[in-house]
$ cat entry-v2.txt   # compact mmCIF, C-alpha atoms
# COMPACT_ATOMS: atom_id res chain seq x y z
CA MET A 1318 -20.84 13.90 -1.98
CA ALA A 1319 -18.56 12.71 0.80
CA ALA A 1320 -18.56 10.22 3.64
CA ALA A 1321 -17.22 10.52 7.13
CA SER A 1322 -14.31 8.14 7.63
CA GLY A 1323 -16.22 6.29 10.32
CA SER A 1324 -18.99 5.41 7.86
CA VAL A 1325 -16.86 2.81 6.07
CA ARG A 1326 -15.29 0.00 8.09
CA LEU A 1327 -13.03 -2.24 6.08
CA GLN A 1328 -13.11 -6.00 6.26
CA ARG A 1329 -9.74 -7.28 7.46
CA CYS A 1330 -7.90 -10.55 7.07
CA ILE A 1331 -5.39 -10.76 9.93
CA VAL A 1332 -2.33 -12.96 10.38
CA SER A 1333 -1.34 -12.82 14.05
CA PRO A 1334 2.32 -12.94 15.09
CA ALA A 1335 3.66 -16.20 16.50
CA GLY A 1336 4.96 -14.38 19.58
CA ARG A 1337 4.41 -11.04 21.30
CA HIS A 1338 2.88 -8.40 19.03
CA SER A 1339 5.24 -5.41 18.87
CA ALA A 1340 4.79 -4.16 15.27
CA SER A 1341 2.15 -4.09 12.52
CA LEU A 1342 2.16 -4.36 8.74
CA ILE A 1343 -0.73 -3.11 6.58
CA PHE A 1344 -0.66 -4.83 3.15
CA LEU A 1345 -3.05 -3.39 0.53
CA HIS A 1346 -4.25 -5.54 -2.39
CA GLY A 1347 -4.47 -4.54 -6.05
CA SER A 1348 -7.66 -3.54 -7.88
CA GLY A 1349 -10.41 -6.14 -7.95
CA ASP A 1350 -8.80 -8.33 -5.28
CA SER A 1351 -9.47 -8.69 -1.53
CA GLY A 1352 -7.42 -8.98 1.64
CA GLN A 1353 -8.12 -12.70 1.80
CA GLY A 1354 -7.26 -13.06 -1.90
CA LEU A 1355 -3.91 -11.31 -1.48
CA ARG A 1356 -3.01 -13.49 1.49
CA LYS A 1357 -3.82 -16.65 -0.52
CA TRP A 1358 -1.80 -15.39 -3.51
CA ILE A 1359 1.25 -14.71 -1.33
CA LYS A 1360 0.86 -18.15 0.27
CA GLN A 1361 0.82 -19.78 -3.19
CA VAL A 1362 3.94 -17.91 -4.31
CA LEU A 1363 5.93 -18.57 -1.11
CA ASN A 1364 4.44 -22.04 -0.48
CA GLN A 1365 3.67 -20.76 3.02
CA ASP A 1366 1.99 -17.85 4.79
CA LEU A 1367 3.89 -14.60 5.19
CA THR A 1368 4.35 -14.68 8.97
CA PHE A 1369 6.58 -13.10 11.59
CA GLN A 1370 7.36 -13.76 15.24
CA HIS A 1371 6.40 -10.24 16.36
CA ILE A 1372 4.60 -8.54 13.43
CA LYS A 1373 0.84 -8.61 12.95
CA ILE A 1374 -0.15 -8.51 9.26
CA ILE A 1375 -3.40 -6.80 8.30
CA TYR A 1376 -4.84 -7.41 4.82
CA PRO A 1377 -7.81 -5.02 4.52
CA THR A 1378 -10.33 -5.33 1.68
CA ALA A 1379 -11.22 -2.22 -0.30
CA PRO A 1380 -14.95 -1.49 -0.48
CA PRO A 1381 -16.67 -1.74 -3.86
CA ARG A 1382 -15.70 1.47 -5.63
CA TYR A 1383 -16.63 2.85 -3.30
CA ALA A 1384 -19.34 2.45 -0.69
CA VAL A 1385 -20.42 5.94 0.30
CA ILE A 1386 -22.88 6.64 3.10
CA TYR A 1387 -25.16 9.48 2.06
CA LEU A 1388 -28.30 10.36 4.02
CA SER A 1389 -28.21 6.84 5.57
CA PHE A 1390 -28.08 5.12 2.18
CA ILE A 1391 -25.10 3.21 0.80
CA ILE A 1392 -24.28 4.41 -2.69
CA ILE A 1393 -21.83 2.36 -4.75
CA LEU A 1394 -20.08 4.34 -7.44
CA PRO A 1395 -18.61 2.66 -10.54
CA TYR A 1396 -14.91 2.19 -11.29
CA THR A 1397 -14.18 4.24 -14.42
CA PRO A 1398 -11.58 1.95 -16.12
CA MET A 1399 -14.17 -0.86 -16.03
CA LYS A 1400 -16.60 1.40 -17.92
CA GLY A 1401 -19.03 1.60 -15.02
CA GLY A 1402 -18.43 -1.85 -13.54
CA ILE A 1403 -18.16 -2.41 -9.79
CA SER A 1404 -14.81 -3.50 -8.38
CA ASN A 1405 -13.03 -3.62 -5.02
CA VAL A 1406 -10.61 -0.71 -5.46
CA TRP A 1407 -8.99 1.83 -3.16
CA PHE A 1408 -9.91 4.79 -5.37
CA ASP A 1409 -11.20 5.66 -8.83
CA ARG A 1410 -9.03 6.36 -11.84
CA PHE A 1411 -9.82 8.21 -15.04
CA LYS A 1412 -7.63 5.62 -16.78
CA ILE A 1413 -4.68 3.36 -15.98
CA SER A 1414 -1.97 5.76 -17.07
CA ASN A 1415 0.63 8.00 -15.45
CA ASP A 1416 -0.20 11.05 -17.56
CA CYS A 1417 -3.75 11.85 -16.42
CA PRO A 1418 -5.07 13.67 -13.31
CA GLU A 1419 -5.55 11.74 -10.08
CA HIS A 1420 -9.08 11.15 -8.78
CA LEU A 1421 -8.24 12.97 -5.55
CA GLU A 1422 -11.73 12.95 -4.05
CA SER A 1423 -11.77 9.15 -3.84
CA ILE A 1424 -8.09 8.93 -2.82
CA ASN A 1425 -8.60 11.42 0.03
CA LEU A 1426 -11.67 9.60 1.31
CA MET A 1427 -9.79 6.30 1.44
CA CYS A 1428 -6.87 7.98 3.23
CA GLU A 1429 -9.38 8.86 5.97
CA VAL A 1430 -10.73 5.31 6.09
CA LEU A 1431 -7.25 3.74 6.25
CA THR A 1432 -6.19 6.25 8.90
CA ASP A 1433 -8.84 4.65 11.14
CA LEU A 1434 -7.04 1.33 10.65
CA ILE A 1435 -3.70 2.88 11.64
CA ASP A 1436 -5.34 4.54 14.65
CA ASP A 1437 -6.71 1.16 15.77
CA GLU A 1438 -3.16 -0.22 15.89
CA VAL A 1439 -1.90 2.80 17.82
CA LYS A 1440 -4.76 2.43 20.32
CA SER A 1441 -3.75 -1.20 20.80
CA GLY A 1442 -0.28 -0.03 21.91
CA ILE A 1443 1.75 -0.10 18.66
CA ARG A 1444 3.77 3.07 18.03
CA LYS A 1445 3.50 4.70 14.58
CA ASN A 1446 7.21 4.10 13.95
CA ARG A 1447 6.49 0.36 14.35
CA ILE A 1448 3.89 0.33 11.55
CA LEU A 1449 4.70 -0.41 7.89
CA ILE A 1450 2.31 0.38 5.02
CA GLY A 1451 2.53 -1.06 1.53
CA GLY A 1452 0.77 -2.86 -1.26
CA PHE A 1453 0.66 -4.39 -4.70
CA SER A 1454 -0.24 -2.33 -7.79
CA MET A 1455 -3.06 0.09 -6.83
CA GLY A 1456 -2.42 -0.91 -3.20
CA GLY A 1457 1.14 0.37 -3.44
CA CYS A 1458 -0.05 3.66 -4.90
CA MET A 1459 -2.59 3.98 -2.08
CA ALA A 1460 0.12 3.24 0.48
CA MET A 1461 2.33 6.03 -0.91
CA HIS A 1462 -0.53 8.54 -0.70
CA LEU A 1463 -1.39 7.41 2.82
CA ALA A 1464 2.16 7.55 4.17
CA TYR A 1465 3.76 10.47 2.35
CA ARG A 1466 0.74 12.78 2.54
CA ASN A 1467 -0.73 11.82 5.91
CA HIS A 1468 1.57 9.62 8.00
CA GLN A 1469 5.21 10.53 7.46
CA ASP A 1470 6.07 9.04 10.87
CA VAL A 1471 5.46 5.39 9.93
CA ALA A 1472 8.38 2.92 9.80
CA GLY A 1473 8.42 2.59 6.03
CA VAL A 1474 6.48 2.11 2.79
CA PHE A 1475 6.61 -0.56 0.10
CA ALA A 1476 5.17 -0.50 -3.41
CA LEU A 1477 5.13 -3.58 -5.66
CA SER A 1478 4.33 -3.09 -9.38
CA SER A 1479 3.01 0.41 -8.57
CA PHE A 1480 3.29 3.96 -9.87
CA LEU A 1481 2.23 7.54 -9.17
CA ASN A 1482 0.79 9.91 -11.78
CA LYS A 1483 3.14 12.56 -13.16
CA ALA A 1484 1.56 15.45 -11.22
CA SER A 1485 0.72 13.37 -8.12
CA ALA A 1486 -0.45 15.02 -4.91
CA VAL A 1487 2.25 12.91 -3.23
CA TYR A 1488 4.95 14.93 -5.02
CA GLN A 1489 3.26 18.18 -4.07
CA ALA A 1490 3.14 17.14 -0.40
CA LEU A 1491 6.81 16.14 -0.38
CA GLU A 1492 7.87 19.45 -1.92
CA LYS A 1493 6.51 21.11 1.24
CA SER A 1494 7.93 18.57 3.67
CA ASP A 1495 11.07 19.27 5.67
CA GLY A 1496 11.05 16.31 8.06
CA VAL A 1497 12.50 12.81 7.94
CA LEU A 1498 10.56 10.71 5.44
CA PRO A 1499 9.82 6.97 5.67
CA GLU A 1500 12.03 4.77 3.48
CA LEU A 1501 10.46 3.26 0.35
CA PHE A 1502 11.02 -0.32 -0.87
CA GLN A 1503 9.92 -0.56 -4.50
CA CYS A 1504 9.84 -3.55 -6.88
CA HIS A 1505 8.73 -3.94 -10.49
CA GLY A 1506 8.79 -6.63 -13.17
CA THR A 1507 10.43 -5.64 -16.42
CA ALA A 1508 7.77 -7.52 -18.44
CA ASP A 1509 4.80 -5.79 -16.77
CA GLU A 1510 2.39 -4.77 -19.55
CA LEU A 1511 -0.36 -3.31 -17.31
CA VAL A 1512 1.75 -1.00 -15.13
CA LEU A 1513 4.84 -0.26 -17.20
CA HIS A 1514 8.25 -0.75 -15.61
CA SER A 1515 9.18 2.76 -16.80
CA TRP A 1516 6.28 4.24 -14.79
CA GLY A 1517 7.63 2.60 -11.65
CA GLU A 1518 11.17 3.84 -12.41
CA GLU A 1519 9.93 7.37 -13.01
CA THR A 1520 7.99 7.32 -9.73
CA ASN A 1521 11.07 6.13 -7.86
CA SER A 1522 13.33 8.77 -9.41
CA MET A 1523 10.90 11.55 -8.54
CA LEU A 1524 10.51 10.38 -4.94
CA LYS A 1525 14.29 10.13 -4.57
CA PHE A 1526 14.65 13.67 -5.97
CA LEU A 1527 12.14 14.86 -3.34
CA GLY A 1528 14.13 13.39 -0.47
CA VAL A 1529 12.81 9.85 -0.04
CA SER A 1530 15.42 7.20 0.74
CA THR A 1531 14.58 4.44 -1.73
CA LYS A 1532 15.89 1.61 -3.86
CA PHE A 1533 14.22 0.32 -7.01
CA HIS A 1534 14.42 -3.44 -7.55
CA SER A 1535 13.82 -4.67 -11.11
CA PHE A 1536 12.83 -8.29 -11.77
CA PRO A 1537 13.57 -9.56 -15.30
CA ASN A 1538 10.80 -11.42 -17.13
CA VAL A 1539 8.27 -10.78 -14.32
CA TYR A 1540 4.83 -9.60 -15.46
CA HIS A 1541 2.17 -7.79 -13.35
CA GLU A 1542 2.50 -10.33 -10.58
CA LEU A 1543 4.23 -11.25 -7.34
CA SER A 1544 7.40 -13.34 -7.53
CA LYS A 1545 9.01 -15.52 -4.87
CA THR A 1546 12.35 -13.67 -5.06
CA GLU A 1547 10.57 -10.34 -4.70
CA LEU A 1548 8.57 -11.47 -1.65
CA GLU A 1549 11.65 -12.95 0.02
CA LYS A 1550 13.51 -9.67 -0.55
CA LEU A 1551 10.50 -7.78 0.84
CA LYS A 1552 10.43 -10.00 3.94
CA SER A 1553 14.11 -9.26 4.64
CA TRP A 1554 13.49 -5.53 4.25
CA ILE A 1555 10.47 -5.68 6.58
CA LEU A 1556 12.66 -7.22 9.29
CA THR A 1557 15.24 -4.43 8.91
CA LYS A 1558 12.51 -1.81 9.40
CA LEU A 1559 10.61 -3.69 12.13
CA PRO A 1560 13.21 -5.75 14.00
CA GLY A 1561 12.18 -8.04 16.86
CA GLU A 1562 13.09 -7.42 20.50
CA MET A 1563 16.42 -9.28 20.35
CA GLU A 1564 17.54 -7.46 17.19
CA ARG A 1565 16.56 -4.09 18.66
CA GLN A 1566 18.57 -4.79 21.82
CA ASN A 1567 21.62 -5.64 19.73
CA GLU A 1568 21.45 -2.42 17.66
$ encode --input "entry-v2.txt" --output "structure tokens"
Amino acid sequence: MAAASGSVRLQRCIVSPAGRHSASLIFLHGSGDSGQGLRKWIKQVLNQDLTFQHIKIIYPTAPPRYAVIYLSFIIILPYTPMKGGISNVWFDRFKISNDCPEHLESINLMCEVLTDLIDDEVKSGIRKNRILIGGFSMGGCMAMHLAYRNHQDVAGVFALSSFLNKASAVYQALEKSDGVLPELFQCHGTADELVLHSWGEETNSMLKFLGVSTKFHSFPNVYHELSKTELEKLKSWILTKLPGEMERQNE
């Protein structure tokens, strides 16, 4: 059972740039959250909104796992780790572990849906190399699938408290790639008990081996959460990948 990408339109929480829009950032939430929820969480951690002079931030909300249009009916399939419960997630998982197969059918469908979001930005006049994709936890995993398997011409990718499975389709795609790959910014708390720090490290090492330019930032005593230091470091990296007009002229 499959759905055409146009059959699912994601809700979006948008933070407009203060000035002229010349770049876009797609920030994907973790499992069970929403675009609005992620924006509020970031605002609580930073004590202010994540905003830029020239970058539009898009916080899409994943459909309930996942809303599939089949013969004009919406069918909502359960999220396996919740033992059949319904949750806003980007894809299904057999379990939260790095040593099981990926649920590629649901990942591939969501890559199609999120491609529509990227295409909307391009249609509005933003070049692909002025679009960043990233996320927290499951959102970071989804961003890596989206960029490294489907959109290797984006400006960069970020993954916070995220991992890829050992035999990920991302690795298989990169083994066949011979072009320039988007840089990865990756962060992980050493005290994370849900997504182990070692899973993030292993993901980073494998991506680096396959040709991705990346740095892995560890945060001591940080659990499965966002930290202020991490978000400030992310903001600085975003501005190096998507500089404003003045910075670009000075390059």
$ closest_residue --input "entry-v2.txt" --among "A:Asn1415, A:Asn1405, A:Gln1353, A:Asn1446" --to "A:Ile1331" --atoms "all atoms listed in the file"
A:Gln1353
$ closest_residue --input "entry-v2.txt" --among "A:Arg1329, A:Arg1444, A:His1514, A:Lys1532" --to "A:Leu1431" --atoms "all atoms listed in the file"
A:Arg1329
$ closest_residue --input "entry-v2.txt" --among "A:Met1455, A:His1420, A:Asn1538, A:Ser1333" --to "A:His1371" --atoms "only C-alpha atoms"
A:Ser1333
$ closest_residue --input "entry-v2.txt" --among "A:Met1461, A:Ile1372, A:Val1406, A:Leu1481" --to "A:Glu1419" --atoms "only C-alpha atoms"
A:Leu1481
$ residues_around --input "entry-v2.txt" --residues "A:Val1497" --least-positions-apart "3" --cutoff "10 Å" --atoms "only C-alpha atoms" --output "list of chain:residue names"
A:Gln1469, A:Asp1470, A:Ser1494, A:Glu1500, A:Gly1528, A:Val1529, A:Ser1530
$ residues_around --input "entry-v2.txt" --residues "stretch 1338-1347 of chain A" --least-positions-apart "3" --cutoff "7 Å" --atoms "only C-alpha atoms" --output "PDB file with C-alpha atoms, in the coordinates of the input"
ATOM      1  CA  PRO A1334       2.320 -12.940  15.090  1.00  0.00           C
ATOM      2  CA  ASP A1350      -8.800  -8.330  -5.280  1.00  0.00           C
ATOM      3  CA  SER A1351      -9.470  -8.690  -1.530  1.00  0.00           C
ATOM      4  CA  GLY A1352      -7.420  -8.980   1.640  1.00  0.00           C
ATOM      5  CA  LEU A1355      -3.910 -11.310  -1.480  1.00  0.00           C
ATOM      6  CA  HIS A1371       6.400 -10.240  16.360  1.00  0.00           C
ATOM      7  CA  ILE A1372       4.600  -8.540  13.430  1.00  0.00           C
ATOM      8  CA  LYS A1373       0.840  -8.610  12.950  1.00  0.00           C
ATOM      9  CA  ILE A1374      -0.150  -8.510   9.260  1.00  0.00           C
ATOM     10  CA  ILE A1375      -3.400  -6.800   8.300  1.00  0.00           C
ATOM     11  CA  TYR A1376      -4.840  -7.410   4.820  1.00  0.00           C
ATOM     12  CA  PRO A1377      -7.810  -5.020   4.520  1.00  0.00           C
ATOM     13  CA  ILE A1443       1.750  -0.100  18.660  1.00  0.00           C
ATOM     14  CA  ARG A1447       6.490   0.360  14.350  1.00  0.00           C
ATOM     15  CA  ILE A1448       3.890   0.330  11.550  1.00  0.00           C
ATOM     16  CA  LEU A1449       4.700  -0.410   7.890  1.00  0.00           C
ATOM     17  CA  ILE A1450       2.310   0.380   5.020  1.00  0.00           C
ATOM     18  CA  GLY A1451       2.530  -1.060   1.530  1.00  0.00           C
ATOM     19  CA  GLY A1452       0.770  -2.860  -1.260  1.00  0.00           C
ATOM     20  CA  PHE A1453       0.660  -4.390  -4.700  1.00  0.00           C
ATOM     21  CA  SER A1454      -0.240  -2.330  -7.790  1.00  0.00           C
ATOM     22  CA  MET A1455      -3.060   0.090  -6.830  1.00  0.00           C
ATOM     23  CA  GLY A1456      -2.420  -0.910  -3.200  1.00  0.00           C
ATOM     24  CA  GLY A1457       1.140   0.370  -3.440  1.00  0.00           C
ATOM     25  CA  LEU A1559      10.610  -3.690  12.130  1.00  0.00           C
TER      26      LEU A1559
END
$ atom_distance --input "entry-v2.txt" --atom1 "atom CA of A:His1505" --atom2 "atom CA of A:Ser1535"
5.2 Å
$ decode --input "entry-v2.txt" --residues "stretch 1404-1428 of chain A" --atoms "N, CA, C and O atoms" --output "short mmCIF file (atom, residue, chain, number, x, y, z; two decimals), in the first residue's frame"
data_model
loop_
_atom_site.label_atom_id
_atom_site.label_comp_id
_atom_site.auth_asym_id
_atom_site.auth_seq_id
_atom_site.Cartn_x
_atom_site.Cartn_y
_atom_site.Cartn_z
N SER A 1404 1.41 7.90 16.78
CA SER A 1404 2.33 8.96 17.16
C SER A 1404 2.75 9.73 15.92
O SER A 1404 2.80 9.18 14.82
N ASN A 1405 3.05 11.03 16.09
CA ASN A 1405 3.57 11.83 14.98
C ASN A 1405 5.04 11.46 14.76
O ASN A 1405 5.91 11.90 15.52
N VAL A 1406 5.30 10.66 13.76
CA VAL A 1406 6.67 10.21 13.48
C VAL A 1406 6.92 10.28 11.97
O VAL A 1406 5.99 10.22 11.16
N TRP A 1407 8.20 10.40 11.62
CA TRP A 1407 8.55 10.51 10.19
C TRP A 1407 8.51 9.16 9.49
O TRP A 1407 8.33 9.10 8.28
N PHE A 1408 8.71 8.09 10.24
CA PHE A 1408 8.69 6.75 9.64
C PHE A 1408 8.49 5.73 10.76
O PHE A 1408 8.55 6.08 11.94
N ASP A 1409 8.27 4.49 10.39
CA ASP A 1409 8.12 3.44 11.40
C ASP A 1409 9.48 2.81 11.68
O ASP A 1409 10.41 2.89 10.86
N ARG A 1410 9.58 2.21 12.84
CA ARG A 1410 10.78 1.48 13.24
C ARG A 1410 10.35 0.13 13.80
O ARG A 1410 9.32 0.03 14.45
N PHE A 1411 11.17 -0.88 13.56
CA PHE A 1411 10.89 -2.18 14.17
C PHE A 1411 11.21 -2.12 15.66
O PHE A 1411 10.54 -2.72 16.48
N LYS A 1412 12.27 -1.37 16.00
CA LYS A 1412 12.58 -1.05 17.40
C LYS A 1412 13.61 0.09 17.39
O LYS A 1412 14.21 0.39 16.35
N ILE A 1413 13.78 0.73 18.55
CA ILE A 1413 14.76 1.82 18.64
C ILE A 1413 16.11 1.19 18.93
O ILE A 1413 16.49 0.98 20.09
N SER A 1414 16.81 0.87 17.86
CA SER A 1414 18.09 0.18 17.96
C SER A 1414 18.84 0.39 16.65
O SER A 1414 18.22 0.62 15.60
N ASN A 1415 20.16 0.30 16.70
CA ASN A 1415 20.93 0.48 15.46
C ASN A 1415 21.27 -0.85 14.80
O ASN A 1415 21.93 -0.87 13.76
N ASP A 1416 20.81 -1.96 15.36
CA ASP A 1416 21.17 -3.26 14.78
C ASP A 1416 19.96 -4.03 14.25
O ASP A 1416 19.92 -5.26 14.29
N CYS A 1417 18.95 -3.30 13.76
CA CYS A 1417 17.81 -3.96 13.12
C CYS A 1417 17.59 -3.33 11.74
O CYS A 1417 18.14 -2.27 11.45
N PRO A 1418 16.82 -3.97 10.86
CA PRO A 1418 16.58 -3.41 9.53
C PRO A 1418 15.80 -2.09 9.61
O PRO A 1418 15.05 -1.86 10.57
N GLU A 1419 16.00 -1.24 8.62
CA GLU A 1419 15.21 -0.01 8.53
C GLU A 1419 13.85 -0.31 7.92
O GLU A 1419 13.71 -1.24 7.11
N HIS A 1420 12.85 0.47 8.30
CA HIS A 1420 11.51 0.34 7.72
C HIS A 1420 11.48 1.24 6.47
O HIS A 1420 10.95 2.35 6.49
N LEU A 1421 12.09 0.72 5.39
CA LEU A 1421 12.34 1.55 4.21
C LEU A 1421 11.07 2.04 3.52
O LEU A 1421 11.06 3.13 2.95
N GLU A 1422 10.02 1.24 3.55
CA GLU A 1422 8.78 1.66 2.88
C GLU A 1422 8.30 3.00 3.44
O GLU A 1422 7.98 3.92 2.69
N SER A 1423 8.27 3.12 4.76
CA SER A 1423 7.78 4.37 5.37
C SER A 1423 8.80 5.50 5.22
O SER A 1423 8.43 6.66 5.04
N ILE A 1424 10.09 5.17 5.27
CA ILE A 1424 11.12 6.20 5.09
C ILE A 1424 11.04 6.77 3.67
O ILE A 1424 11.08 7.99 3.47
N ASN A 1425 10.91 5.90 2.68
CA ASN A 1425 10.87 6.34 1.29
C ASN A 1425 9.65 7.19 0.99
O ASN A 1425 9.73 8.18 0.26
N LEU A 1426 8.51 6.82 1.57
CA LEU A 1426 7.30 7.63 1.39
C LEU A 1426 7.51 9.03 1.94
O LEU A 1426 7.17 10.03 1.30
N MET A 1427 8.10 9.13 3.14
CA MET A 1427 8.28 10.44 3.74
C MET A 1427 9.34 11.25 3.01
O MET A 1427 9.26 12.49 2.98
N CYS A 1428 10.30 10.60 2.38
CA CYS A 1428 11.26 11.33 1.53
C CYS A 1428 10.52 12.02 0.39
O CYS A 1428 10.84 13.17 0.03
#
